[in-house]
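Okay, structure first, notes after.
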Amino acid sequence: MGEIRVGTCSWTDPKLVSSGWYPSGRRDAEGRLRYYAERFPVVEVDSTYYGLPSERNSALWAERTPDGFRFDVKAFSLFTGHPT
């Protein structure tokens, strides 16, 4: 049997950010991702649908998450044929 991982569609969703779930001092980009990754083993990266991430951002995401954390990266819209 395979492993099932549960996460959300983004660590930057405006509703999640404004909900108060992220504690004070963990609301900047780095703090949000680190806090999220301490609680969930996977997250969807929705922004990649609209544009490819920079090499720098990809490296920062990897640095800010623990070993074994997974990013479920949404395919870039031009690859899928969906409207951009």
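Chain lettering (A, B, ...) mirrors the order of the structure tokens, residue numbering begins at 1 for each chain separately, and ligand numbering begins at 1 in order of display.
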Residues near Tyr36 (chain A), anyone? I mean within 12 Å using only C-alpha atoms, not counting same-chain ones fewer than 3 positions away, as a ChimeraX atom specification. /A:7-13,16-17,21-23,26-33,39-44,61,64-66,69-70
Go through region 40-82 of chain A and collect every residue that DSSP, computed from the backbone, puts in helix (DSSP H, G or I); the answer should be as a list of chain:residue names. A:Ser47, A:Thr48, A:Tyr49, A:Glu55, A:Arg56, A:Asn57, A:Ser58, A:Ala59, A:Leu60, A:Trp61, A:Ala62, A:Glu63, A:Ser77, A:Leu78, A:Phe79, A:Thr80
Please save all heavy atoms of the selected residues as a tab-separated table (two decimals), in the first residue's frame.
```tsv
chain	number	residue	atom	x	y	z
A	47	SER	N	1.35	28.56	-7.92
A	47	SER	CA	1.91	29.68	-8.69
A	47	SER	C	2.62	29.22	-9.96
A	47	SER	O	2.74	29.99	-10.91
A	47	SER	CB	2.87	30.50	-7.82
A	47	SER	OG	3.97	29.71	-7.42
A	48	THR	N	3.07	27.98	-9.99
A	48	THR	CA	3.78	27.48	-11.17
A	48	THR	C	2.85	27.32	-12.38
A	48	THR	O	3.33	27.21	-13.51
A	48	THR	CB	4.44	26.13	-10.86
A	48	THR	OG1	3.46	25.25	-10.30
A	48	THR	CG2	5.60	26.31	-9.90
A	49	TYR	N	1.56	27.33	-12.16
A	49	TYR	CA	0.61	27.30	-13.28
A	49	TYR	C	0.71	28.59	-14.10
A	49	TYR	O	0.56	28.59	-15.30
A	49	TYR	CB	-0.82	27.12	-12.75
A	49	TYR	CG	-1.88	27.15	-13.82
A	49	TYR	CD1	-2.12	26.04	-14.62
A	49	TYR	CD2	-2.62	28.30	-14.06
A	49	TYR	CE1	-3.08	26.07	-15.62
A	49	TYR	CE2	-3.58	28.34	-15.06
A	49	TYR	CZ	-3.81	27.21	-15.83
A	49	TYR	OH	-4.75	27.24	-16.82
A	55	GLU	N	15.06	30.01	-10.25
A	55	GLU	CA	15.94	29.03	-9.62
A	55	GLU	C	16.17	29.40	-8.15
A	55	GLU	O	16.20	28.54	-7.28
A	55	GLU	CB	17.27	28.99	-10.37
A	55	GLU	CG	18.22	27.93	-9.89
A	55	GLU	CD	19.48	27.83	-10.71
A	55	GLU	OE1	19.48	28.26	-11.89
A	55	GLU	OE2	20.48	27.34	-10.18
A	56	ARG	N	16.30	30.70	-7.89
A	56	ARG	CA	16.51	31.17	-6.51
A	56	ARG	C	15.34	30.80	-5.61
A	56	ARG	O	15.52	30.29	-4.52
A	56	ARG	CB	16.72	32.68	-6.50
A	56	ARG	CG	16.94	33.25	-5.11
A	56	ARG	CD	17.13	34.77	-5.14
A	56	ARG	NE	17.37	35.30	-3.83
A	56	ARG	CZ	16.42	35.61	-2.96
A	56	ARG	NH1	15.15	35.43	-3.26
A	56	ARG	NH2	16.72	36.10	-1.76
A	57	ASN	N	14.10	31.06	-6.07
A	57	ASN	CA	12.93	30.73	-5.25
A	57	ASN	C	12.83	29.23	-5.01
A	57	ASN	O	12.52	28.79	-3.88
A	57	ASN	CB	11.64	31.24	-5.89
A	57	ASN	CG	11.37	32.67	-5.55
A	57	ASN	OD1	12.05	33.27	-4.72
A	57	ASN	ND2	10.38	33.25	-6.18
A	58	SER	N	13.08	28.44	-6.02
A	58	SER	CA	13.03	26.99	-5.86
A	58	SER	C	14.04	26.52	-4.82
A	58	SER	O	13.74	25.67	-3.98
A	58	SER	CB	13.31	26.30	-7.20
A	58	SER	OG	12.32	26.65	-8.14
A	59	ALA	N	15.24	27.08	-4.86
A	59	ALA	CA	16.27	26.72	-3.88
A	59	ALA	C	15.86	27.14	-2.47
A	59	ALA	O	16.05	26.39	-1.51
A	59	ALA	CB	17.60	27.37	-4.25
A	60	LEU	N	15.26	28.33	-2.35
A	60	LEU	CA	14.81	28.79	-1.03
A	60	LEU	C	13.71	27.89	-0.48
A	60	LEU	O	13.70	27.58	0.72
A	60	LEU	CB	14.31	30.24	-1.11
A	60	LEU	CG	15.39	31.30	-1.28
A	60	LEU	CD1	14.76	32.67	-1.52
A	60	LEU	CD2	16.32	31.34	-0.07
A	61	TRP	N	12.78	27.48	-1.32
A	61	TRP	CA	11.72	26.57	-0.86
A	61	TRP	C	12.34	25.29	-0.31
A	61	TRP	O	11.94	24.82	0.75
A	61	TRP	CB	10.77	26.22	-2.00
A	61	TRP	CG	9.94	27.35	-2.51
A	61	TRP	CD1	9.73	28.57	-1.93
A	61	TRP	CD2	9.23	27.38	-3.75
A	61	TRP	NE1	8.94	29.35	-2.74
A	61	TRP	CE2	8.61	28.64	-3.85
A	61	TRP	CE3	9.06	26.47	-4.78
A	61	TRP	CZ2	7.82	29.00	-4.94
A	61	TRP	CZ3	8.27	26.82	-5.87
A	61	TRP	CH2	7.66	28.07	-5.94
A	62	ALA	N	13.29	24.74	-1.03
A	62	ALA	CA	13.94	23.50	-0.58
A	62	ALA	C	14.70	23.70	0.73
A	62	ALA	O	14.66	22.85	1.62
A	62	ALA	CB	14.87	22.97	-1.67
A	63	GLU	N	15.39	24.83	0.86
A	63	GLU	CA	16.16	25.12	2.08
A	63	GLU	C	15.26	25.32	3.29
A	63	GLU	O	15.68	25.05	4.41
A	63	GLU	CB	16.99	26.39	1.88
A	63	GLU	CG	18.15	26.23	0.93
A	63	GLU	CD	18.82	27.56	0.61
A	63	GLU	OE1	18.56	28.57	1.31
A	63	GLU	OE2	19.60	27.60	-0.36
A	77	SER	N	0.77	26.43	-17.34
A	77	SER	CA	-0.40	26.42	-18.22
A	77	SER	C	-0.07	26.18	-19.69
A	77	SER	O	-0.83	25.51	-20.39
A	77	SER	CB	-1.18	27.72	-18.07
A	77	SER	OG	-0.38	28.82	-18.46
A	78	LEU	N	1.05	26.69	-20.18
A	78	LEU	CA	1.40	26.46	-21.58
A	78	LEU	C	1.75	24.99	-21.85
A	78	LEU	O	1.66	24.53	-22.99
A	78	LEU	CB	2.53	27.38	-22.01
A	78	LEU	CG	2.19	28.86	-22.04
A	78	LEU	CD1	3.41	29.69	-22.41
A	78	LEU	CD2	1.04	29.15	-22.99
A	79	PHE	N	2.15	24.26	-20.82
A	79	PHE	CA	2.42	22.83	-20.99
A	79	PHE	C	1.13	22.02	-21.07
A	79	PHE	O	1.09	20.96	-21.68
A	79	PHE	CB	3.25	22.29	-19.83
A	79	PHE	CG	4.64	22.85	-19.72
A	79	PHE	CD1	5.31	22.81	-18.52
A	79	PHE	CD2	5.29	23.41	-20.80
A	79	PHE	CE1	6.60	23.31	-18.39
A	79	PHE	CE2	6.57	23.92	-20.69
A	79	PHE	CZ	7.23	23.87	-19.49
A	80	THR	N	0.08	22.51	-20.41
A	80	THR	CA	-1.16	21.74	-20.32
A	80	THR	C	-2.14	22.09	-21.42
A	80	THR	O	-3.10	21.35	-21.63
A	80	THR	CB	-1.86	22.00	-18.98
A	80	THR	OG1	-2.29	23.36	-18.92
A	80	THR	CG2	-0.94	21.68	-17.81
```
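Interatomic distance, CA of Pro83 (chain A) to CA of Ser54 (chain A): 21.5 Å.
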Under the rule that only C-alpha atoms are counted, which of A:Asp72, A:Val6, A:Arg34, A:Asp67 is the nearest residue to Asp46 (chain A)?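 Closest residue, counting only C-alpha atoms: A:Asp72.
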So what do you get for CA of Gly81 (chain A) versus CA of Leu52 (chain A), distance-wise?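 Value for the CA of Gly81 (chain A)-CA of Leu52 (chain A) distance: 15.2 Å.
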As a PyMOL selection string, please: all residues of chain A that backbone DSSP puts in strand (DSSP E). chain A and resi 42-45+70-73
Please save N, CA and C atoms of the selected residues as a PDB file, in the first residue's frame.
```
ATOM      1  N   VAL A  42       3.342  17.907   2.801  1.00  0.00           N
ATOM      2  CA  VAL A  42       3.224  18.199   1.373  1.00  0.00           C
ATOM      3  C   VAL A  42       2.423  19.484   1.184  1.00  0.00           C
ATOM      4  N   VAL A  43       2.706  20.181   0.075  1.00  0.00           N
ATOM      5  CA  VAL A  43       1.922  21.359  -0.291  1.00  0.00           C
ATOM      6  C   VAL A  43       1.892  21.463  -1.808  1.00  0.00           C
ATOM      7  N   GLU A  44       0.779  21.960  -2.321  1.00  0.00           N
ATOM      8  CA  GLU A  44       0.696  22.222  -3.751  1.00  0.00           C
ATOM      9  C   GLU A  44       1.288  23.599  -4.037  1.00  0.00           C
ATOM     10  N   VAL A  45       2.055  23.682  -5.117  1.00  0.00           N
ATOM     11  CA  VAL A  45       2.577  24.971  -5.574  1.00  0.00           C
ATOM     12  C   VAL A  45       1.708  25.391  -6.759  1.00  0.00           C
ATOM     13  N   ARG A  70       7.453  17.369   0.564  1.00  0.00           N
ATOM     14  CA  ARG A  70       7.162  17.285  -0.862  1.00  0.00           C
ATOM     15  C   ARG A  70       6.388  18.513  -1.344  1.00  0.00           C
ATOM     16  N   PHE A  71       6.755  18.956  -2.543  1.00  0.00           N
ATOM     17  CA  PHE A  71       6.028  20.006  -3.241  1.00  0.00           C
ATOM     18  C   PHE A  71       5.299  19.350  -4.408  1.00  0.00           C
ATOM     19  N   ASP A  72       3.991  19.485  -4.445  1.00  0.00           N
ATOM     20  CA  ASP A  72       3.196  19.004  -5.567  1.00  0.00           C
ATOM     21  C   ASP A  72       3.054  20.191  -6.512  1.00  0.00           C
ATOM     22  N   VAL A  73       3.882  20.213  -7.543  1.00  0.00           N
ATOM     23  CA  VAL A  73       3.995  21.382  -8.415  1.00  0.00           C
ATOM     24  C   VAL A  73       2.982  21.291  -9.550  1.00  0.00           C
TER      25      VAL A  73
END
```
Atomic separation - CA of Lys15 (chain A) relative to CA of Ala37 (chain A), Å: 17.8 Å
